[in-house]
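For reference, final-v1.cif is printed below; it contains mmCIF, C-alpha atoms.
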```cif
data_data
#
loop_
_atom_site.label_atom_id
_atom_site.label_comp_id
_atom_site.auth_asym_id
_atom_site.auth_seq_id
_atom_site.Cartn_x
_atom_site.Cartn_y
_atom_site.Cartn_z
CA LYS A 1248 -7.41 20.89 -1.35
CA PRO A 1249 -6.76 17.44 0.06
CA ILE A 1250 -3.31 16.54 1.31
CA VAL A 1251 -2.59 13.51 -0.88
CA THR A 1252 0.13 11.06 0.19
CA GLU A 1253 0.78 7.48 -0.91
CA GLU A 1254 -0.46 6.32 2.51
CA PHE A 1255 -3.70 8.28 2.04
CA LYS A 1256 -4.18 6.79 -1.46
CA LYS A 1257 -3.83 3.25 -0.04
CA GLU A 1258 -6.22 3.99 2.83
CA TYR A 1259 -8.77 5.55 0.46
CA ASP A 1260 -8.50 2.65 -1.99
CA SER A 1261 -9.15 0.20 0.85
CA PHE A 1262 -12.13 2.28 2.02
CA LEU A 1263 -13.65 2.30 -1.47
CA ALA A 1264 -13.02 -1.45 -1.89
CA ASN A 1265 -14.80 -2.15 1.41
CA CYS A 1266 -17.74 -0.13 0.05
CA SER A 1267 -17.73 -2.56 -2.90
CA GLN A 1268 -16.45 -0.10 -5.52
CA SER A 1269 -14.90 -1.64 -8.64
CA PHE A 1270 -11.15 -1.64 -9.31
CA MET A 1271 -11.55 0.71 -12.31
CA PHE A 1272 -13.70 3.16 -10.39
CA ARG A 1273 -11.21 3.21 -7.51
CA LYS A 1274 -8.23 3.86 -9.81
CA VAL A 1275 -9.96 6.76 -11.54
CA VAL A 1276 -11.01 8.32 -8.24
CA ILE A 1277 -7.62 7.81 -6.56
CA ASN A 1278 -5.72 9.30 -9.51
CA GLY A 1279 -7.99 12.36 -9.63
CA ILE A 1280 -8.25 12.98 -5.90
CA GLY A 1281 -5.74 15.85 -5.97
CA TYR A 1282 -8.19 17.88 -8.05
CA GLN A 1283 -10.88 17.80 -5.36
CA THR A 1284 -11.70 20.96 -3.46
CA GLU A 1285 -14.09 21.52 -0.59
CA ILE A 1286 -15.52 24.75 0.67
CA ILE A 1287 -16.94 24.39 4.17
CA ARG A 1288 -18.80 27.20 5.89
CA GLN A 1289 -20.74 27.49 9.12
CA LEU A 1290 -24.07 29.26 8.66
CA ASN A 1291 -26.93 30.21 10.95
CA ASN A 1292 -24.66 30.70 14.00
CA GLY A 1293 -23.03 27.31 13.43
CA VAL A 1294 -26.26 25.31 13.24
CA ASP A 1295 -25.79 24.64 9.53
CA LEU A 1296 -22.63 23.31 7.91
CA GLU A 1297 -22.51 23.98 4.18
CA ILE A 1298 -20.17 21.74 2.18
CA ILE A 1299 -19.42 22.37 -1.48
CA ALA A 1300 -17.27 19.59 -2.94
CA THR A 1301 -15.87 19.87 -6.45
CA ASN A 1302 -13.95 17.18 -8.33
CA PRO A 1303 -13.55 15.97 -11.93
CA ALA A 1304 -16.54 13.62 -11.54
CA GLY A 1305 -18.86 16.45 -10.52
CA ASN A 1306 -20.00 18.61 -7.64
CA TRP A 1307 -21.84 17.80 -4.43
CA ASN A 1308 -23.35 20.71 -2.55
CA ARG A 1309 -25.12 20.02 0.70
CA THR A 1310 -26.07 21.70 3.95
CA LEU A 1311 -26.06 19.62 7.12
CA VAL A 1312 -28.37 20.93 9.83
CA ALA A 1313 -27.16 20.20 13.36
CA SER A 1314 -29.69 18.75 15.76
CA ASP A 1315 -29.48 18.56 19.52
CA GLU A 1316 -29.04 15.29 21.34
CA LEU A 1317 -32.59 15.25 22.71
CA GLN A 1318 -34.31 15.74 19.36
CA PRO A 1319 -32.37 14.17 16.47
CA LEU A 1320 -33.16 15.73 13.11
CA ASN A 1321 -32.91 13.59 9.99
CA ALA A 1322 -32.72 15.71 6.85
CA THR A 1323 -33.19 14.26 3.38
CA ILE A 1324 -30.56 15.27 0.83
CA THR A 1325 -29.50 14.05 -2.60
CA ASP A 1326 -26.07 12.40 -2.76
CA PRO A 1327 -23.67 12.59 -5.75
CA ASP A 1328 -25.23 9.45 -7.27
CA GLY A 1329 -28.68 11.05 -7.23
CA ASP A 1330 -29.93 8.91 -4.34
CA ARG A 1331 -32.18 10.51 -1.71
CA VAL A 1332 -30.53 9.76 1.66
CA GLN A 1333 -31.09 10.74 5.28
CA VAL A 1334 -28.46 12.66 7.22
CA GLU A 1335 -28.36 13.34 10.94
CA ALA A 1336 -25.73 15.83 12.12
CA TRP A 1337 -24.65 17.36 15.43
CA TRP A 1338 -21.73 19.07 17.19
CA GLU A 1339 -19.61 17.31 19.84
CA GLU A 1340 -16.78 18.25 22.21
CA ASN A 1341 -18.03 21.77 22.95
CA GLY A 1342 -18.73 22.52 19.31
CA THR A 1343 -15.27 21.60 18.02
CA LYS A 1344 -16.20 18.40 16.15
CA HIS A 1345 -19.02 18.05 13.65
CA LYS A 1346 -20.40 14.54 13.32
CA SER A 1347 -22.85 13.21 10.76
CA LEU A 1348 -24.48 9.90 9.85
CA LEU A 1349 -25.68 9.21 6.31
CA ARG A 1350 -28.28 6.45 5.99
CA GLY A 1351 -30.57 5.05 3.35
CA LYS A 1352 -28.22 4.67 0.38
CA PRO A 1353 -29.68 1.77 -1.61
CA ARG A 1354 -26.37 0.59 -3.07
CA VAL A 1355 -24.87 -0.16 0.37
CA GLN A 1356 -27.91 -2.13 1.54
CA GLY A 1357 -28.44 -0.50 4.92
CA GLY A 1358 -24.84 0.49 5.62
CA VAL A 1359 -24.16 3.77 7.42
CA PHE A 1360 -21.53 6.38 6.58
CA GLU A 1361 -20.18 8.20 9.65
CA THR A 1362 -18.15 11.40 9.27
CA VAL A 1363 -16.36 13.56 11.85
CA ARG A 1364 -14.89 16.92 10.81
CA TYR A 1365 -12.63 19.10 12.95
CA LEU A 1366 -9.74 21.54 12.69
CA GLU A 1367 -6.32 20.04 13.35
CA SER A 1368 -4.79 23.52 13.04
CA ASP A 1369 -5.79 26.90 11.62
CA ASN A 1370 -5.00 25.63 8.13
CA VAL A 1371 -5.84 21.90 8.23
CA LEU A 1372 -9.31 20.35 8.39
CA VAL A 1373 -9.52 16.64 9.21
CA CYS A 1374 -12.43 14.60 7.87
CA GLU A 1375 -12.63 11.08 9.32
CA SER A 1376 -14.95 8.89 7.27
CA GLY A 1377 -16.16 5.48 8.36
CA PHE A 1378 -18.47 3.00 6.67
CA HIS A 1379 -20.45 0.61 8.86
CA PRO A 1380 -22.08 -2.23 6.92
CA THR A 1381 -25.08 -4.06 8.30
CA PRO A 1382 -24.02 -7.02 10.50
CA SER A 1383 -25.52 -9.49 8.03
CA SER A 1384 -23.67 -8.10 5.00
CA THR A 1385 -21.34 -10.39 3.09
CA LYS A 1386 -20.69 -7.89 0.28
CA PHE A 1387 -19.49 -4.92 2.37
CA LYS A 1388 -16.84 -4.50 5.07
CA TYR A 1389 -16.06 -1.83 7.63
CA GLY A 1390 -14.05 0.95 5.99
CA TYR A 1391 -12.18 3.98 7.34
CA VAL A 1392 -10.27 6.83 5.74
CA SER A 1393 -8.92 10.03 7.25
CA TRP A 1394 -8.82 13.00 4.89
CA LYS A 1395 -6.83 16.15 5.55
CA PHE A 1396 -7.56 19.35 3.68
CA ARG A 1397 -5.18 22.31 3.60
CA ARG A 1398 -6.78 25.73 3.53
CA ASP A 1399 -6.18 27.72 0.37
CA LYS A 1400 -5.59 31.37 0.99
#
```
Using the file provided, produce a representation of the structure as structure tokens.
Amino acid sequence: KPIVTEEFKKEYDSFLANCSQSFMFRKVVINGIGYQTEIIRQLNNGVDLEIIATNPAGNWNRTLVASDELQPLNATITDPDGDRVQVEAWWEENGTKHKSLLRGKPRVQGGVFETVRYLESDNVLVCESGFHPTPSSTKFKYGYVSWKFRRDK
């Protein structure tokens, strides 16, 4: 479950606003964020990272396949909105940080979502999410939010 604080809610609201989400959408998401759960598992000797996200708006199950730095692998997945997007993923810092880039979402007009996941402790997973709009965008702005998830036992 996410660790939800007032500071996190403000940061997440700002992130969503910079991604051009409406006020009503943001309020619904922010108020329901405590109901989100994520199950994250390493498969295939750590090559694949399976993420199962569940929240009141629906579920998003995806498997990110790590590529090596010499041969990037772009996998096509379906996002929660039903859009087909491209994801490139890899491990950094001796396999302790998982990084991914999501590209090709039509609604953000060429913007890129960057995510870094790592363990802060045995029971806390950090998920740093950044949104990078295209340089020419006037509708979107850079956004950043840092999620923390506490392990349920």
Under the rule that only C-alpha atoms are counted, which of A:Leu1366, A:Cys1374, A:Val1359, A:Ala1264 is the nearest residue to Val1332 in chain A?
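Among the listed residues, A:Val1359 lies closest to Val1332 in chain A.
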So which one's closest to Ser1384 in chain A, A:Gly1293, A:Lys1248, A:Tyr1365, A:Gln1356? Using all atoms listed in the file, please.
A:Gln1356
Kindly indicate which residue among A:Phe1262, A:Phe1360, A:Phe1378, A:Phe1255 lies nearest to Gly1281 in chain A, using only C-alpha atoms for the distances.
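Smallest separation from Gly1281 in chain A among the options: A:Phe1255.
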Using all atoms listed in the file, find each residue of range 1304-1334 of chain A with at least one atom at most 12 Å away from an atom of range 1339-1343 of chain A; report its shortest atom-to-atom pair and that distance in Å (one decimal), sort the rows by chain and rising residue number, and return the result as a tab-separated table.
```
residue	atom	partner	partner_atom	distance
A:Ala1313	CA	A:Glu1339	CA	10.4
A:Ser1314	CA	A:Glu1339	CA	11.0
A:Asp1315	CA	A:Glu1339	CA	10.0
A:Glu1316	CA	A:Glu1339	CA	9.8
```
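Closest approach to Thr1252 in chain A among A:Val1355, A:Ile1287, A:Ile1280, A:Gln1318 is made by A:Ile1280 (distances from only C-alpha atoms).
The space between CA of Tyr1389 in chain A and CA of Ser1261 in chain A spans 9.9 Å.
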Determine the residue membership of the PyMOL selection byres ((chain A and resi 1299) around 12) for the file above and supply it as a PyMOL selection string.
chain A and resi 1283-1289+1296-1298+1300-1302+1305-1311+1327
Write out as a ChimeraX atom specification the residues lying within 7 Å of Ala1322 in chain A, counting all atoms listed in the file and excluding same-chain residues fewer than 5 positions away.
/A:1333-1335
Taking (-2.9, 3.4, -0.6) in the file's coordinates as the center, which residues reach within 12 Å of it, counting only C-alpha atoms, put as JSON, numbers by chain?
{"A": [1251, 1252, 1253, 1254, 1255, 1256, 1257, 1258, 1259, 1260, 1261, 1262, 1263, 1264, 1273, 1274, 1277, 1278, 1392, 1393]}
